[in-house]
>>> print(open('final-v2.pdb').read())   # PDB, C-alpha atoms and all ligand atoms
MODEL        1
ATOM      1  CA  MET A 265     -19.098  -5.263  29.997
ATOM      2  CA  GLY A 266     -20.371  -8.323  28.140
ATOM      3  CA  SER A 267     -24.059  -7.640  28.661
ATOM      4  CA  LEU A 268     -23.649  -3.929  27.898
ATOM      5  CA  ASP A 269     -21.896  -4.803  24.631
ATOM      6  CA  GLU A 270     -24.786  -7.096  23.802
ATOM      7  CA  LEU A 271     -27.331  -4.417  24.592
ATOM      8  CA  TYR A 272     -25.444  -1.976  22.385
ATOM      9  CA  ARG A 273     -25.283  -4.508  19.569
ATOM     10  CA  GLU A 274     -29.037  -4.957  19.840
ATOM     11  CA  ILE A 275     -29.669  -1.210  19.703
ATOM     12  CA  ILE A 276     -27.498  -0.923  16.584
ATOM     13  CA  LEU A 277     -29.210  -3.864  14.889
ATOM     14  CA  GLU A 278     -32.615  -2.490  15.797
ATOM     15  CA  HIS A 279     -31.842   0.826  14.085
ATOM     16  CA  PHE A 280     -30.302  -1.026  11.124
ATOM     17  CA  LYS A 281     -33.343  -3.272  10.629
ATOM     18  CA  SER A 282     -35.968  -0.613  11.331
ATOM     19  CA  PRO A 283     -34.321   2.710  10.547
ATOM     20  CA  HIS A 284     -35.992   5.912  11.690
ATOM     21  CA  HIS A 285     -36.752   8.667   9.161
ATOM     22  CA  LYS A 286     -35.644   6.571   6.197
ATOM     23  CA  GLY A 287     -36.452   7.847   2.728
ATOM     24  CA  SER A 288     -36.443  11.314   1.253
ATOM     25  CA  LEU A 289     -38.519  14.436   1.770
ATOM     26  CA  ALA A 290     -40.550  15.580  -1.223
ATOM     27  CA  ASN A 291     -40.468  19.137   0.134
ATOM     28  CA  ALA A 292     -36.779  19.173   1.111
ATOM     29  CA  ASN A 293     -35.018  22.499   0.721
ATOM     30  CA  ARG A 294     -31.530  21.096   1.257
ATOM     31  CA  THR A 295     -29.989  17.794   0.263
ATOM     32  CA  GLY A 296     -26.562  16.265   0.581
ATOM     33  CA  GLU A 297     -24.723  13.046   0.023
ATOM     34  CA  GLY A 298     -21.732  11.473   1.679
ATOM     35  CA  MET A 299     -19.647   8.404   0.986
ATOM     36  CA  ASN A 300     -17.203   6.316   2.911
ATOM     37  CA  PRO A 301     -15.252   4.498   0.208
ATOM     38  CA  LEU A 302     -13.258   2.533   2.790
ATOM     39  CA  CYS A 303     -16.355   0.542   3.659
ATOM     40  CA  GLY A 304     -18.667   1.249   0.719
ATOM     41  CA  ASP A 305     -21.182   3.191   2.787
ATOM     42  CA  ASP A 306     -23.249   5.983   1.344
ATOM     43  CA  VAL A 307     -25.802   8.282   2.896
ATOM     44  CA  GLN A 308     -28.151  10.815   1.352
ATOM     45  CA  ILE A 309     -29.806  13.391   3.546
ATOM     46  CA  SER A 310     -32.767  15.579   2.808
ATOM     47  CA  LEU A 311     -33.685  18.428   5.100
ATOM     48  CA  LEU A 312     -36.642  20.692   5.489
ATOM     49  CA  MET A 313     -35.179  23.797   7.104
ATOM     50  CA  ASN A 314     -37.475  26.286   8.755
ATOM     51  CA  GLY A 315     -35.230  29.273   9.324
ATOM     52  CA  ASP A 316     -32.507  27.985  11.608
ATOM     53  CA  THR A 317     -34.309  24.804  12.597
ATOM     54  CA  ILE A 318     -34.293  21.333  11.100
ATOM     55  CA  GLN A 319     -38.029  20.921  10.875
ATOM     56  CA  ASP A 320     -37.840  17.527   9.201
ATOM     57  CA  ILE A 321     -35.172  15.122   8.007
ATOM     58  CA  ARG A 322     -34.890  11.875   6.088
ATOM     59  CA  PHE A 323     -31.933   9.765   5.169
ATOM     60  CA  ASP A 324     -31.404   7.123   2.575
ATOM     61  CA  GLY A 325     -28.434   5.026   1.666
ATOM     62  CA  HIS A 326     -26.821   1.695   2.062
ATOM     63  CA  GLY A 327     -23.787   0.206   3.689
ATOM     64  CA  CYS A 328     -22.781  -1.534   6.865
ATOM     65  CA  ALA A 329     -24.962  -1.775   9.959
ATOM     66  CA  ILE A 330     -22.856   0.813  11.807
ATOM     67  CA  SER A 331     -23.224   3.489   9.122
ATOM     68  CA  GLN A 332     -26.949   2.977   8.617
ATOM     69  CA  ALA A 333     -27.785   2.647  12.313
ATOM     70  CA  ALA A 334     -25.703   5.769  13.031
ATOM     71  CA  ALA A 335     -27.655   7.674  10.361
ATOM     72  CA  SER A 336     -30.960   6.548  11.862
ATOM     73  CA  MET A 337     -29.811   7.667  15.330
ATOM     74  CA  MET A 338     -28.550  10.967  13.913
ATOM     75  CA  THR A 339     -31.984  11.787  12.464
ATOM     76  CA  ASP A 340     -33.592  11.137  15.862
ATOM     77  CA  ALA A 341     -31.062  13.420  17.514
ATOM     78  CA  VAL A 342     -31.344  16.434  15.212
ATOM     79  CA  LYS A 343     -34.975  16.591  14.125
ATOM     80  CA  GLY A 344     -36.566  19.756  15.498
ATOM     81  CA  LYS A 345     -33.213  21.171  16.655
ATOM     82  CA  SER A 346     -31.545  24.453  15.774
ATOM     83  CA  VAL A 347     -28.349  24.476  13.731
ATOM     84  CA  GLU A 348     -26.460  25.657  16.809
ATOM     85  CA  ALA A 349     -27.700  22.718  18.888
ATOM     86  CA  VAL A 350     -26.899  20.326  16.036
ATOM     87  CA  LEU A 351     -23.326  21.643  15.780
ATOM     88  CA  ARG A 352     -22.821  20.973  19.476
ATOM     89  CA  LEU A 353     -24.201  17.436  19.143
ATOM     90  CA  ALA A 354     -22.047  16.779  16.076
ATOM     91  CA  ARG A 355     -18.861  18.025  17.718
ATOM     92  CA  GLY A 356     -19.572  16.175  20.927
ATOM     93  CA  PHE A 357     -20.352  12.969  19.066
ATOM     94  CA  LYS A 358     -17.206  13.164  16.953
ATOM     95  CA  ALA A 359     -15.147  13.938  20.049
ATOM     96  CA  VAL A 360     -16.241  10.582  21.480
ATOM     97  CA  PHE A 361     -14.163   9.000  18.701
ATOM     98  CA  GLY A 362     -11.295  11.435  19.075
ATOM     99  CA  VAL A 363     -12.253  13.157  15.805
ATOM    100  CA  LYS A 364     -11.900  16.923  15.970
ATOM    101  CA  ASP A 365     -14.251  19.079  14.012
ATOM    102  CA  ASP A 366     -12.355  21.314  11.579
ATOM    103  CA  SER A 367     -14.786  24.133  12.206
ATOM    104  CA  THR A 368     -13.552  24.505  15.789
ATOM    105  CA  ASN A 369     -10.192  25.767  14.439
ATOM    106  CA  GLY A 370      -8.096  24.872  17.409
ATOM    107  CA  GLN A 371     -10.666  25.966  19.946
ATOM    108  CA  LYS A 372     -11.040  23.933  23.083
ATOM    109  CA  ALA A 373     -12.797  20.610  22.752
ATOM    110  CA  PRO A 374     -16.526  20.952  23.387
ATOM    111  CA  PRO A 375     -17.832  19.843  26.775
ATOM    112  CA  PRO A 376     -18.631  16.138  26.663
ATOM    113  CA  LEU A 377     -22.210  15.244  25.835
ATOM    114  CA  THR A 378     -24.438  14.235  28.714
ATOM    115  CA  GLU A 379     -25.921  10.764  28.823
ATOM    116  CA  GLU A 380     -29.203  12.246  27.689
ATOM    117  CA  GLU A 381     -27.583  14.025  24.766
ATOM    118  CA  MET A 382     -25.820  10.819  23.732
ATOM    119  CA  GLY A 383     -29.022   8.772  23.875
ATOM    120  CA  ASP A 384     -28.944   5.655  21.702
ATOM    121  CA  ARG A 385     -25.736   6.874  20.150
ATOM    122  CA  ALA A 386     -23.884   5.644  23.235
ATOM    123  CA  ALA A 387     -24.303   2.252  21.582
ATOM    124  CA  LEU A 388     -21.814   3.361  18.936
ATOM    125  CA  GLU A 389     -19.104   4.237  21.399
ATOM    126  CA  GLY A 390     -17.593   0.745  21.216
ATOM    127  CA  VAL A 391     -16.736   1.473  17.590
ATOM    128  CA  LYS A 392     -13.818   3.616  18.725
ATOM    129  CA  LYS A 393     -11.907   0.397  19.371
ATOM    130  CA  PHE A 394     -12.035  -0.212  15.608
ATOM    131  CA  PRO A 395     -10.474   2.800  13.874
ATOM    132  CA  VAL A 396     -11.638   1.786  10.384
ATOM    133  CA  ARG A 397     -15.245   1.767  11.565
ATOM    134  CA  ILE A 398     -15.137   5.261  13.046
ATOM    135  CA  LYS A 399     -15.714   6.704   9.573
ATOM    136  CA  CYS A 400     -18.843   4.546   9.359
ATOM    137  CA  ALA A 401     -20.156   5.973  12.637
ATOM    138  CA  ILE A 402     -19.559   9.629  11.772
ATOM    139  CA  LEU A 403     -20.387   9.532   8.031
ATOM    140  CA  SER A 404     -23.970  10.693   8.498
ATOM    141  CA  TRP A 405     -22.904  13.490  10.865
ATOM    142  CA  ASN A 406     -20.287  14.765   8.423
ATOM    143  CA  THR A 407     -22.830  14.587   5.608
ATOM    144  CA  LEU A 408     -25.310  16.544   7.714
ATOM    145  CA  LEU A 409     -22.705  19.219   8.521
ATOM    146  CA  GLU A 410     -21.832  19.570   4.831
ATOM    147  CA  THR A 411     -25.505  19.808   3.919
ATOM    148  CA  LEU A 412     -26.057  22.514   6.536
ATOM    149  CA  ASN A 413     -23.056  24.443   5.200
ATOM    150  CA  LYS A 414     -24.346  24.549   1.632
TER     151      LYS A 414
HETATM  152 ZN    ZN B 501     -19.284   1.045   7.152
ENDMDL
END
>>> encode(input="final-v2.pdb", output="structure tokens", more="lines below")
Ligand code: ZN
Amino acid sequence: MGSLDELYREIILEHFKSPHHKGSLANANRTGEGMNPLCGDDVQISLLMNGDTIQDIRFDGHGCAISQAAASMMTDAVKGKSVEAVLRLARGFKAVFGVKDDSTNGQKAPPPLTEEEMGDRAALEGVKKFPVRIKCAILSWNTLLETLNK
């Protein structure tokens, strides 16, 4: 596991140092903000929705490497996707950490994400060993869900 942990750490640091889709969209039609006071992380999301599709996305914010790398990975995962596909990714990702999505209202847990669906985000899986950091990993996903629900 040692080398895999190292690889994962590198992926997280890479996203933290060179985040994808960082900034804000001048033509955003939805924005949202989320905070994780436990760690001092905050994330702002701006979306350009085209009907039911996230045509473009940016995030901004600051905080620990986990929260910012997770936000960068989240933008990669959802850009160009429909809301329905994003909900599945969000639920599946949160399920990795044993966090149920309220919107499922007692429904069965979603089928686990495939390796391809997890992508770089597999690097965050190790966080589940550190319960206080789970909020860091899912902050951007929760913020996205809230923004989509507005
Ligand atoms: Zn954090």
>>> residues_near_ligand(input="final-v2.pdb", ligand="ligand ZN 501 (chain B)", cutoff="6 Å", atoms="all atoms listed in the file", output="list in words")
Cys303, Asp305, Gly327, Cys328, Ile330, Ser331 and Cys400 of chain A
>>> write_last_selection(input="final-v2.pdb", atoms="C-alpha atoms", output="PDB file, in the coordinates of the input")
ATOM      1  CA  CYS A 303     -16.355   0.542   3.659  1.00  0.00           C
ATOM      2  CA  ASP A 305     -21.182   3.191   2.787  1.00  0.00           C
ATOM      3  CA  GLY A 327     -23.787   0.206   3.689  1.00  0.00           C
ATOM      4  CA  CYS A 328     -22.781  -1.534   6.865  1.00  0.00           C
ATOM      5  CA  ILE A 330     -22.856   0.813  11.807  1.00  0.00           C
ATOM      6  CA  SER A 331     -23.224   3.489   9.122  1.00  0.00           C
ATOM      7  CA  CYS A 400     -18.843   4.546   9.359  1.00  0.00           C
TER       8      CYS A 400
END
>>> resolve_selection(input="final-v2.pdb", expression="the PyMOL selection byres (((chain A and resi 276) around 12) and not hetatm)", output="VMD selection string")
chain A and resid 269 to 275 277 to 284 328 to 337 384 to 391 401
>>> atom_distance(input="final-v2.pdb", atom1="CA of Val360 (chain A)", atom2="CA of Ile402 (chain A)")
10.3 Å
>>> resolve_selection(input="final-v2.pdb", expression="the PyMOL selection byres (((chain A and resi 408) around 10) and not hetatm)", output="JSON, numbers by chain")
{"A": [295, 296, 297, 298, 307, 308, 309, 310, 311, 321, 323, 335, 338, 339, 342, 350, 351, 354, 402, 403, 404, 405, 406, 407, 409, 410, 411, 412, 413]}
>>> resolve_selection(input="final-v2.pdb", expression="the PyMOL selection byres (((chain A and resi 288) around 6) and not hetatm)", output="PyMOL selection string")
chain A and resi 287+289+310+322
>>> closest_residue(input="final-v2.pdb", among="A:Thr378, A:Gly325, A:Ile318, A:Lys414", to="Ser346 (chain A)", atoms="all atoms listed in the file")
A:Ile318
>>> axis_aligned_box(input="final-v2.pdb", around="region 392-401 of chain A", padding_each_side="8 Å", output="JSON")
{"center_x": -15.3, "center_y": 3.2, "center_z": 14.4, "size_x": 25.7, "size_y": 22.9, "size_z": 26.0}
>>> atom_distance(input="final-v2.pdb", atom1="CA of Ala349 (chain A)", atom2="CA of Phe394 (chain A)")
28.0 Å
>>> residues_around(input="final-v2.pdb", residues="Leu302 (chain A)", least_positions_apart="4", cutoff="10 Å", atoms="all atoms listed in the file", output="JSON list (two decimals) with C-alpha atoms, in the coordinates of the input")
[["chain", "number", "residue", "atom", "x", "y", "z"],
["A", 396, "VAL", "CA", -11.64, 1.79, 10.38],
["A", 397, "ARG", "CA", -15.24, 1.77, 11.56],
["A", 399, "LYS", "CA", -15.71, 6.70, 9.57],
["A", 400, "CYS", "CA", -18.84, 4.55, 9.36]]
>>> residues_around(input="final-v2.pdb", residues="Glu348 (chain A)", least_positions_apart="5", cutoff="9 Å", atoms="all atoms listed in the file", output="PyMOL selection string")
chain A and resi 316-317+353
>>> atom_distance(input="final-v2.pdb", atom1="CA of Gln319 (chain A)", atom2="CA of Lys343 (chain A)")
6.2 Å
>>> build_atoms(input="final-v2.pdb", residues="region 278-307 of chain A", atoms="N, CA and C atoms", output="PDB file, in the frame of the given file")
ATOM      1  N   GLU A 278     -31.231  -2.957  15.834  1.00  0.00           N
ATOM      2  CA  GLU A 278     -32.615  -2.490  15.797  1.00  0.00           C
ATOM      3  C   GLU A 278     -32.751  -1.283  14.851  1.00  0.00           C
ATOM      4  N   HIS A 279     -31.819  -0.347  14.976  1.00  0.00           N
ATOM      5  CA  HIS A 279     -31.842   0.826  14.085  1.00  0.00           C
ATOM      6  C   HIS A 279     -31.547   0.411  12.641  1.00  0.00           C
ATOM      7  N   PHE A 280     -30.670  -0.577  12.463  1.00  0.00           N
ATOM      8  CA  PHE A 280     -30.302  -1.026  11.124  1.00  0.00           C
ATOM      9  C   PHE A 280     -31.500  -1.696  10.444  1.00  0.00           C
ATOM     10  N   LYS A 281     -32.219  -2.520  11.212  1.00  0.00           N
ATOM     11  CA  LYS A 281     -33.343  -3.272  10.629  1.00  0.00           C
ATOM     12  C   LYS A 281     -34.577  -2.406  10.454  1.00  0.00           C
ATOM     13  N   SER A 282     -34.796  -1.496  11.388  1.00  0.00           N
ATOM     14  CA  SER A 282     -35.968  -0.613  11.331  1.00  0.00           C
ATOM     15  C   SER A 282     -35.530   0.831  11.475  1.00  0.00           C
ATOM     16  N   PRO A 283     -34.871   1.352  10.423  1.00  0.00           N
ATOM     17  CA  PRO A 283     -34.321   2.710  10.547  1.00  0.00           C
ATOM     18  C   PRO A 283     -35.407   3.769  10.708  1.00  0.00           C
ATOM     19  N   HIS A 284     -35.080   4.787  11.490  1.00  0.00           N
ATOM     20  CA  HIS A 284     -35.992   5.912  11.690  1.00  0.00           C
ATOM     21  C   HIS A 284     -35.754   6.960  10.610  1.00  0.00           C
ATOM     22  N   HIS A 285     -36.846   7.582  10.153  1.00  0.00           N
ATOM     23  CA  HIS A 285     -36.752   8.667   9.161  1.00  0.00           C
ATOM     24  C   HIS A 285     -36.011   8.236   7.903  1.00  0.00           C
ATOM     25  N   LYS A 286     -36.295   7.039   7.421  1.00  0.00           N
ATOM     26  CA  LYS A 286     -35.644   6.571   6.197  1.00  0.00           C
ATOM     27  C   LYS A 286     -36.459   7.006   4.996  1.00  0.00           C
ATOM     28  N   GLY A 287     -35.782   7.433   3.956  1.00  0.00           N
ATOM     29  CA  GLY A 287     -36.452   7.847   2.728  1.00  0.00           C
ATOM     30  C   GLY A 287     -35.975   9.220   2.316  1.00  0.00           C
ATOM     31  N   SER A 288     -36.818   9.949   1.607  1.00  0.00           N
ATOM     32  CA  SER A 288     -36.443  11.314   1.253  1.00  0.00           C
ATOM     33  C   SER A 288     -37.673  12.197   1.373  1.00  0.00           C
ATOM     34  N   LEU A 289     -37.433  13.478   1.601  1.00  0.00           N
ATOM     35  CA  LEU A 289     -38.519  14.436   1.770  1.00  0.00           C
ATOM     36  C   LEU A 289     -38.860  15.052   0.416  1.00  0.00           C
ATOM     37  N   ALA A 290     -40.136  14.976   0.042  1.00  0.00           N
ATOM     38  CA  ALA A 290     -40.550  15.580  -1.223  1.00  0.00           C
ATOM     39  C   ALA A 290     -40.377  17.097  -1.174  1.00  0.00           C
ATOM     40  N   ASN A 291     -40.539  17.675   0.008  1.00  0.00           N
ATOM     41  CA  ASN A 291     -40.468  19.137   0.134  1.00  0.00           C
ATOM     42  C   ASN A 291     -39.144  19.598   0.744  1.00  0.00           C
ATOM     43  N   ALA A 292     -38.085  18.798   0.556  1.00  0.00           N
ATOM     44  CA  ALA A 292     -36.779  19.173   1.111  1.00  0.00           C
ATOM     45  C   ALA A 292     -36.288  20.475   0.492  1.00  0.00           C
ATOM     46  N   ASN A 293     -35.650  21.323   1.295  1.00  0.00           N
ATOM     47  CA  ASN A 293     -35.018  22.499   0.721  1.00  0.00           C
ATOM     48  C   ASN A 293     -33.497  22.443   0.804  1.00  0.00           C
ATOM     49  N   ARG A 294     -32.974  21.346   1.331  1.00  0.00           N
ATOM     50  CA  ARG A 294     -31.530  21.096   1.257  1.00  0.00           C
ATOM     51  C   ARG A 294     -31.279  19.600   1.187  1.00  0.00           C
ATOM     52  N   THR A 295     -30.345  19.210   0.343  1.00  0.00           N
ATOM     53  CA  THR A 295     -29.989  17.794   0.263  1.00  0.00           C
ATOM     54  C   THR A 295     -28.476  17.659   0.206  1.00  0.00           C
ATOM     55  N   GLY A 296     -27.998  16.520   0.634  1.00  0.00           N
ATOM     56  CA  GLY A 296     -26.562  16.265   0.581  1.00  0.00           C
ATOM     57  C   GLY A 296     -26.300  14.779   0.532  1.00  0.00           C
ATOM     58  N   GLU A 297     -25.083  14.452   0.137  1.00  0.00           N
ATOM     59  CA  GLU A 297     -24.723  13.046   0.023  1.00  0.00           C
ATOM     60  C   GLU A 297     -23.299  12.862   0.518  1.00  0.00           C
ATOM     61  N   GLY A 298     -23.079  11.765   1.203  1.00  0.00           N
ATOM     62  CA  GLY A 298     -21.732  11.473   1.679  1.00  0.00           C
ATOM     63  C   GLY A 298     -21.381  10.016   1.438  1.00  0.00           C
ATOM     64  N   MET A 299     -20.084   9.772   1.240  1.00  0.00           N
ATOM     65  CA  MET A 299     -19.647   8.404   0.986  1.00  0.00           C
ATOM     66  C   MET A 299     -18.432   8.083   1.842  1.00  0.00           C
ATOM     67  N   ASN A 300     -18.362   6.830   2.192  1.00  0.00           N
ATOM     68  CA  ASN A 300     -17.203   6.316   2.911  1.00  0.00           C
ATOM     69  C   ASN A 300     -16.637   5.174   2.084  1.00  0.00           C
ATOM     70  N   PRO A 301     -15.739   5.509   1.150  1.00  0.00           N
ATOM     71  CA  PRO A 301     -15.252   4.498   0.208  1.00  0.00           C
ATOM     72  C   PRO A 301     -14.530   3.339   0.887  1.00  0.00           C
ATOM     73  N   LEU A 302     -13.979   3.592   2.072  1.00  0.00           N
ATOM     74  CA  LEU A 302     -13.258   2.533   2.790  1.00  0.00           C
ATOM     75  C   LEU A 302     -14.149   1.332   3.042  1.00  0.00           C
ATOM     76  N   CYS A 303     -15.437   1.604   3.265  1.00  0.00           N
ATOM     77  CA  CYS A 303     -16.355   0.542   3.659  1.00  0.00           C
ATOM     78  C   CYS A 303     -17.448   0.355   2.615  1.00  0.00           C
ATOM     79  N   GLY A 304     -17.600   1.327   1.708  1.00  0.00           N
ATOM     80  CA  GLY A 304     -18.667   1.249   0.719  1.00  0.00           C
ATOM     81  C   GLY A 304     -19.996   1.772   1.224  1.00  0.00           C
ATOM     82  N   ASP A 305     -19.948   2.613   2.252  1.00  0.00           N
ATOM     83  CA  ASP A 305     -21.182   3.191   2.787  1.00  0.00           C
ATOM     84  C   ASP A 305     -21.539   4.456   2.020  1.00  0.00           C
ATOM     85  N   ASP A 306     -22.832   4.660   1.797  1.00  0.00           N
ATOM     86  CA  ASP A 306     -23.249   5.983   1.344  1.00  0.00           C
ATOM     87  C   ASP A 306     -24.535   6.397   2.033  1.00  0.00           C
ATOM     88  N   VAL A 307     -24.665   7.701   2.189  1.00  0.00           N
ATOM     89  CA  VAL A 307     -25.802   8.282   2.896  1.00  0.00           C
ATOM     90  C   VAL A 307     -26.266   9.515   2.142  1.00  0.00           C
TER      91      VAL A 307
END
